[in-house]
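The next block is query.pdb, given as PDB, C-alpha atoms.
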ATOM      1  CA  MET W  50      67.492  80.202 129.060
ATOM      2  CA  ILE W  51      68.660  83.287 130.967
ATOM      3  CA  PRO W  52      67.418  83.273 134.570
ATOM      4  CA  ARG W  53      64.975  85.979 135.611
ATOM      5  CA  LYS W  54      66.062  89.002 137.659
ATOM      6  CA  LEU W  55      65.813  89.011 141.429
ATOM      7  CA  ASN W  56      62.750  90.588 142.997
ATOM      8  CA  LYS W  57      62.917  92.844 146.031
ATOM      9  CA  GLY W  58      62.444  90.963 149.284
ATOM     10  CA  GLU W  59      63.002  87.455 147.868
ATOM     11  CA  LYS W  60      63.967  84.744 150.317
ATOM     12  CA  PHE W  61      67.408  83.154 150.338
ATOM     13  CA  GLY W  62      66.115  79.870 148.909
ATOM     14  CA  SER W  63      64.889  81.491 145.701
ATOM     15  CA  ILE W  64      68.131  83.479 145.357
ATOM     16  CA  LEU W  65      70.088  80.242 145.621
ATOM     17  CA  ASN W  66      67.867  78.716 142.915
ATOM     18  CA  LEU W  67      68.422  81.714 140.585
ATOM     19  CA  TRP W  68      72.154  81.594 141.273
ATOM     20  CA  ASN W  69      72.259  77.926 140.231
ATOM     21  CA  GLN W  70      70.270  78.750 137.066
ATOM     22  CA  LEU W  71      72.826  81.452 136.240
ATOM     23  CA  ILE W  72      75.716  79.009 136.678
ATOM     24  CA  ASP W  73      73.946  76.459 134.457
ATOM     25  CA  HIS W  74      73.347  79.150 131.839
ATOM     26  CA  LEU W  75      76.972  80.315 131.795
ATOM     27  CA  THR W  76      78.427  76.811 131.607
ATOM     28  CA  ALA W  77      76.115  75.982 128.681
ATOM     29  CA  MET W  78      77.449  78.932 126.639
ATOM     30  CA  ARG W  79      80.258  78.397 124.174
ATOM     31  CA  LEU W  80      82.553  80.757 122.300
ATOM     32  CA  VAL W  81      82.041  81.099 118.555
ATOM     33  CA  SER W  82      84.693  82.401 116.167
ATOM     34  CA  GLY W  83      83.837  85.127 113.693
ATOM     35  CA  LYS W  84      85.459  87.479 111.197
ATOM     36  CA  GLY W  85      88.979  88.202 112.395
ATOM     37  CA  ILE W  86      88.783  85.836 115.377
ATOM     38  CA  ARG W  87      90.145  82.279 115.499
ATOM     39  CA  LEU W  88      89.549  79.831 118.366
ATOM     40  CA  SER W  89      91.924  76.988 119.162
ATOM     41  CA  HIS W  90      90.703  74.367 121.626
ATOM     42  CA  THR W  91      93.535  72.809 123.648
ATOM     43  CA  SER W  92      93.697  70.615 126.719
ATOM     44  CA  ALA W  93      94.593  73.724 128.763
ATOM     45  CA  GLY W  94      91.628  75.748 127.510
ATOM     46  CA  ILE W  95      90.662  77.931 124.572
ATOM     47  CA  ILE W  96      93.105  80.249 122.783
ATOM     48  CA  ILE W  97      91.511  83.296 121.137
ATOM     49  CA  THR W  98      93.553  84.794 118.266
ATOM     50  CA  ALA W  99      92.891  87.897 116.172
ATOM     51  CA  ILE W 100      93.698  87.557 112.466
ATOM     52  CA  PRO W 101      95.278  90.559 110.680
ATOM     53  CA  GLY W 102      93.638  91.816 107.532
ATOM     54  CA  ALA W 103      90.214  90.644 108.585
ATOM     55  CA  ARG W 104      87.512  92.989 109.745
ATOM     56  CA  GLY W 105      88.036  93.555 113.418
ATOM     57  CA  ARG W 106      91.158  93.714 115.511
ATOM     58  CA  ALA W 107      94.439  92.612 113.986
ATOM     59  CA  VAL W 108      96.370  91.911 117.151
ATOM     60  CA  ALA W 109      96.197  89.800 120.256
ATOM     61  CA  GLU W 110      96.584  92.166 123.185
ATOM     62  CA  THR W 111      98.368  90.110 125.818
ATOM     63  CA  ASN W 112      98.236  92.582 128.675
ATOM     64  CA  THR W 113      95.553  95.140 129.276
ATOM     65  CA  SER W 114      95.816  97.564 132.140
ATOM     66  CA  HIS W 115      95.343 101.181 133.057
ATOM     67  CA  GLY W 116      98.033 103.794 133.553
ATOM     68  CA  SER W 117     100.749 105.548 131.594
ATOM     69  CA  PHE W 118     101.712 104.543 128.035
ATOM     70  CA  ILE W 119      99.062 101.834 127.572
ATOM     71  CA  VAL W 120      99.373 100.421 124.056
ATOM     72  CA  SER W 121      96.147  99.416 122.309
ATOM     73  CA  MET W 122      95.068  98.434 118.808
ATOM     74  CA  GLN W 123      92.982 100.751 116.653
ATOM     75  CA  ASP W 124      90.483  99.473 114.126
ATOM     76  CA  PRO W 125      91.855  99.306 110.560
ATOM     77  CA  ASP W 126      91.227 102.377 108.400
ATOM     78  CA  ASP W 127      89.528 102.225 104.979
ATOM     79  CA  LYS W 128      92.761 100.951 103.383
ATOM     80  CA  GLY W 129      93.236  98.246 106.017
ATOM     81  CA  ASN W 130      96.126 100.030 107.764
ATOM     82  CA  VAL W 131      96.316  99.342 111.471
ATOM     83  CA  LYS W 132      97.746 101.735 114.062
ATOM     84  CA  LEU W 133      98.674 101.421 117.680
ATOM     85  CA  GLU W 134      97.484 104.052 120.117
ATOM     86  CA  VAL W 135      99.542 104.852 123.192
ATOM     87  CA  SER W 136      97.794 106.630 126.045
ATOM     88  CA  GLU W 137      99.295 109.714 127.617
ATOM     89  CA  GLY W 138     102.111 109.214 130.046
ATOM     90  CA  PHE W 139     104.566 110.998 132.262
ATOM     91  CA  VAL W 140     108.149 111.700 131.190
ATOM     92  CA  CYS W 141     110.878 113.082 133.456
ATOM     93  CA  VAL W 142     114.078 114.348 131.807
ATOM     94  CA  ASN W 143     116.779 115.538 134.204
ATOM     95  CA  GLY W 144     114.100 116.574 136.682
ATOM     96  CA  LYS W 145     111.877 118.387 134.160
ATOM     97  CA  THR W 146     108.484 116.690 133.902
ATOM     98  CA  PHE W 147     106.440 116.414 130.709
ATOM     99  CA  THR W 148     103.118 114.792 129.910
ATOM    100  CA  MET W 149     103.340 113.002 126.590
ATOM    101  CA  LYS W 150      99.980 113.362 124.874
ATOM    102  CA  LYS W 151      98.120 110.344 123.482
ATOM    103  CA  GLN W 152      99.743 109.384 120.165
ATOM    104  CA  GLN W 153      99.284 106.894 117.348
ATOM    105  CA  ILE W 154     101.972 105.027 115.462
ATOM    106  CA  ALA W 155     101.925 102.484 112.628
ATOM    107  CA  LEU W 156     101.863  98.825 113.636
ATOM    108  CA  LYS W 157     105.144  97.020 113.010
ATOM    109  CA  GLU W 158     107.428  94.599 114.771
ATOM    110  CA  GLY W 159     109.941  96.106 117.175
ATOM    111  CA  LEU W 160     110.580  97.809 120.490
ATOM    112  CA  LEU W 161     108.161 100.710 120.909
ATOM    113  CA  CYS W 162     109.828 103.540 122.833
ATOM    114  CA  VAL W 163     109.277 107.043 124.134
ATOM    115  CA  LYS W 164     111.994 109.212 122.590
ATOM    116  CA  VAL W 165     113.311 112.466 124.002
ATOM    117  CA  GLN W 166     115.442 114.921 122.134
ATOM    118  CA  ILE W 167     117.086 118.253 122.846
ATOM    119  CA  ALA W 168     117.272 121.026 120.275
ATOM    120  CA  ASP W 169     121.012 121.578 119.805
ATOM    121  CA  ASP W 170     120.703 125.250 118.925
ATOM    122  CA  THR W 171     118.534 126.252 121.934
ATOM    123  CA  GLY W 172     119.151 123.501 124.482
ATOM    124  CA  VAL W 173     115.379 123.163 124.996
ATOM    125  CA  TRP W 174     113.833 119.721 125.402
ATOM    126  CA  GLN W 175     111.401 118.875 122.617
ATOM    127  CA  ASN W 176     108.094 117.127 123.331
ATOM    128  CA  PRO W 177     108.508 113.356 123.773
ATOM    129  CA  VAL W 178     107.420 111.221 120.809
ATOM    130  CA  LEU W 179     106.879 107.539 120.026
ATOM    131  CA  GLU W 180     109.423 105.713 117.925
ATOM    132  CA  TYR W 181     110.524 102.151 117.271
ATOM    133  CA  GLY W 182     114.132 101.791 118.400
ATOM    134  CA  GLU W 183     116.622 100.179 120.702
ATOM    135  CA  PHE W 184     116.847 100.876 124.414
ATOM    136  CA  ASP W 185     119.427 103.603 124.968
ATOM    137  CA  ALA W 186     119.807 106.997 126.683
ATOM    138  CA  TRP W 187     117.261 108.589 124.316
ATOM    139  CA  HIS W 188     114.712 105.737 124.038
ATOM    140  CA  TYR W 189     112.609 104.374 126.930
ATOM    141  CA  PRO W 190     110.747 101.132 126.019
ATOM    142  CA  VAL W 191     106.996 100.930 126.689
ATOM    143  CA  ALA W 192     106.082  97.779 124.715
ATOM    144  CA  LEU W 193     107.528  95.023 122.572
ATOM    145  CA  ILE W 194     105.573  94.285 119.385
ATOM    146  CA  ARG W 195     106.204  90.836 117.929
ATOM    147  CA  LYS W 196     104.817  89.274 114.776
ATOM    148  CA  ASN W 197     103.614  85.770 115.466
ATOM    149  CA  ASN W 198     102.655  84.039 112.191
ATOM    150  CA  ASP W 199      99.630  86.031 111.029
ATOM    151  CA  THR W 200      99.059  87.950 114.272
ATOM    152  CA  TYR W 201     100.882  90.512 116.379
ATOM    153  CA  ASP W 202     101.531  90.221 120.107
ATOM    154  CA  ILE W 203     101.837  93.309 122.306
ATOM    155  CA  MET W 204     103.956  92.812 125.412
ATOM    156  CA  GLN W 205     103.151  95.877 127.513
ATOM    157  CA  TYR W 206     105.869  97.090 129.891
ATOM    158  CA  PRO W 207     104.582  98.617 133.125
ATOM    159  CA  VAL W 208     105.817 102.228 133.014
ATOM    160  CA  THR W 209     104.702 104.786 135.570
ATOM    161  CA  VAL W 210     107.153 107.513 134.555
ATOM    162  CA  ALA W 211     109.657 107.275 131.686
ATOM    163  CA  THR W 212     112.730 108.686 133.433
ATOM    164  CA  PHE W 213     115.760 109.964 131.548
ATOM    165  CA  MET W 214     118.996 111.182 133.175
ATOM    166  CA  LEU W 215     121.129 112.694 130.447
ATOM    167  CA  THR W 216     124.465 114.318 131.193
ATOM    168  CA  LYS W 217     127.634 115.455 129.512
ATOM    169  CA  MET W 218     131.123 114.752 130.759
ATOM    170  CA  CYS W 219     132.464 117.536 132.946
ATOM    171  CA  ALA W 220     135.038 119.667 131.090
ATOM    172  CA  PHE W 221     137.615 119.038 133.839
ATOM    173  CA  ALA W 222     137.031 115.284 133.796
ATOM    174  CA  LYS W 223     137.289 115.276 130.007
ATOM    175  CA  ALA W 224     140.578 117.191 130.115
ATOM    176  CA  ALA W 225     141.921 114.853 132.800
ATOM    177  CA  SER W 226     141.013 111.754 130.780
ATOM    178  CA  ASN W 227     142.888 113.071 127.726
ATOM    179  CA  GLU W 228     146.174 113.391 129.633
TER     180      GLU W 228
END

Whole structure, structure tokens version:
Amino acid sequence: MIPRKLNKGEKFGSILNLWNQLIDHLTAMRLVSGKGIRLSHTSAGIIITAIPGARGRAVAETNTSHGSFIVSMQDPDDKGNVKLEVSEGFVCVNGKTFTMKKQQIALKEGLLCVKVQIADDTGVWQNPVLEYGEFDAWHYPVALIRKNNDTYDIMQYPVTVATFMLTKMCAFAKAASNE
């Protein structure tokens, strides 16, 4: 039974009694699995796992936080396709700052990165986008997505600003290295 609410002006003794009732109530509760959720009881505690393809979430989010580039699961669409949503974040390319807008990308295993690109014909930086790739000069990792049996794990990387420093070799240095 859920304890009653506190009344204004109650004495400490009754508050202590209600507090103990609340503790008793919470310890008597138990988790129950449902569609898309599996519970595994171990000696260390209870493991909660989301099952892909079932109604509900299809991923176990291992790190939830607030800030730039936070990766979260979206509910499956009518066809059962699941997407990841990445919150907006800050990108700095050679001192020029961008705000990457919130974006969605299909769920798959790999290194999820912010990608920057320069238009060769104009030399203008294009808006940053999400892409699965390998860490290099053009890709800044924000999360690692791993398939774990029938679930996906999201390992969120803490990123305040995705910083890129892209340069070309100086013409004089290039000429000197060819000699």

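Between atom CA of W:Val135 and atom CA of W:Val191 there is a distance of 9.1 Å.
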
Any chance you could work out the axis-aligned box around stretch 60-66 of chain W, listed atoms only, 5 Å on each side, giving centre and edge lengths in Å to one decimal, as lines of an AutoDock Vina configuration file?
center_x = 67.0
center_y = 81.7
center_z = 146.6
size_x = 16.1
size_y = 16.0
size_z = 17.4

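Checking W:Ile97, W:Ala77, W:Leu160, W:Ala155 one by one against W:Thr200, counting only C-alpha atoms, you find the shortest gap at W:Ile97.
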
*Starting from the shown file, work through the PyMOL selection byres ((chain W and resi 193-198) around 9) and note down what comes out as a ChimeraX atom specification.*
/W:156-162,190-192,199-206

_Resolved residues for the PyMOL selection byres ((chain W and resi 137) around 10) as a list in words_ =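 This file gives the following for the PyMOL selection byres ((chain W and resi 137) around 10): Gly116, Ser117, Phe118, Ile119, Val120, Glu134, Val135, Ser136, Gly138, Phe139, Val140, Thr148, Met149, Lys150, Lys151 and Gln152 of chain W.
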
Take the residues that were just selected and, keeping C-alpha atoms, output them as a PDB file, in the frame of the given file.
ATOM      1  CA  GLY W 116      98.033 103.794 133.553  1.00  0.00           C
ATOM      2  CA  SER W 117     100.749 105.548 131.594  1.00  0.00           C
ATOM      3  CA  PHE W 118     101.712 104.543 128.035  1.00  0.00           C
ATOM      4  CA  ILE W 119      99.062 101.834 127.572  1.00  0.00           C
ATOM      5  CA  VAL W 120      99.373 100.421 124.056  1.00  0.00           C
ATOM      6  CA  GLU W 134      97.484 104.052 120.117  1.00  0.00           C
ATOM      7  CA  VAL W 135      99.542 104.852 123.192  1.00  0.00           C
ATOM      8  CA  SER W 136      97.794 106.630 126.045  1.00  0.00           C
ATOM      9  CA  GLY W 138     102.111 109.214 130.046  1.00  0.00           C
ATOM     10  CA  PHE W 139     104.566 110.998 132.262  1.00  0.00           C
ATOM     11  CA  VAL W 140     108.149 111.700 131.190  1.00  0.00           C
ATOM     12  CA  THR W 148     103.118 114.792 129.910  1.00  0.00           C
ATOM     13  CA  MET W 149     103.340 113.002 126.590  1.00  0.00           C
ATOM     14  CA  LYS W 150      99.980 113.362 124.874  1.00  0.00           C
ATOM     15  CA  LYS W 151      98.120 110.344 123.482  1.00  0.00           C
ATOM     16  CA  GLN W 152      99.743 109.384 120.165  1.00  0.00           C
TER      17      GLN W 152
END

*atom CA of W:Leu133 and atom CA of W:Ile95 are how many Å apart?*
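Answer for the atom CA of W:Leu133 to atom CA of W:Ile95 separation: 25.8 Å.
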
*asked:* Residue by residue, what does the PyMOL selection byres ((chain W and resi 186) around 12) grab here? Present the result as number ranges by chain.
replied: W: 142-143, 162-166, 182-185, 187-190, 211-217

*Using atom CA of W:Asn130 and atom CA of W:Leu88 as the two end points, give the distance in Å to one decimal.*
23.7 Å

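Each of W:Ile51, W:Val210, W:Asp170, W:Asp127 was checked against W:Leu75 using all atoms listed in the file; the smallest atom-to-atom distance is that of W:Ile51.
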
_Top pick for closest residue to W:Lys132, considering W:Trp174, W:Gln153, W:Thr91, W:Phe147 and counting only C-alpha atoms_ =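 Result for the nearest residue to W:Lys132: W:Gln153.
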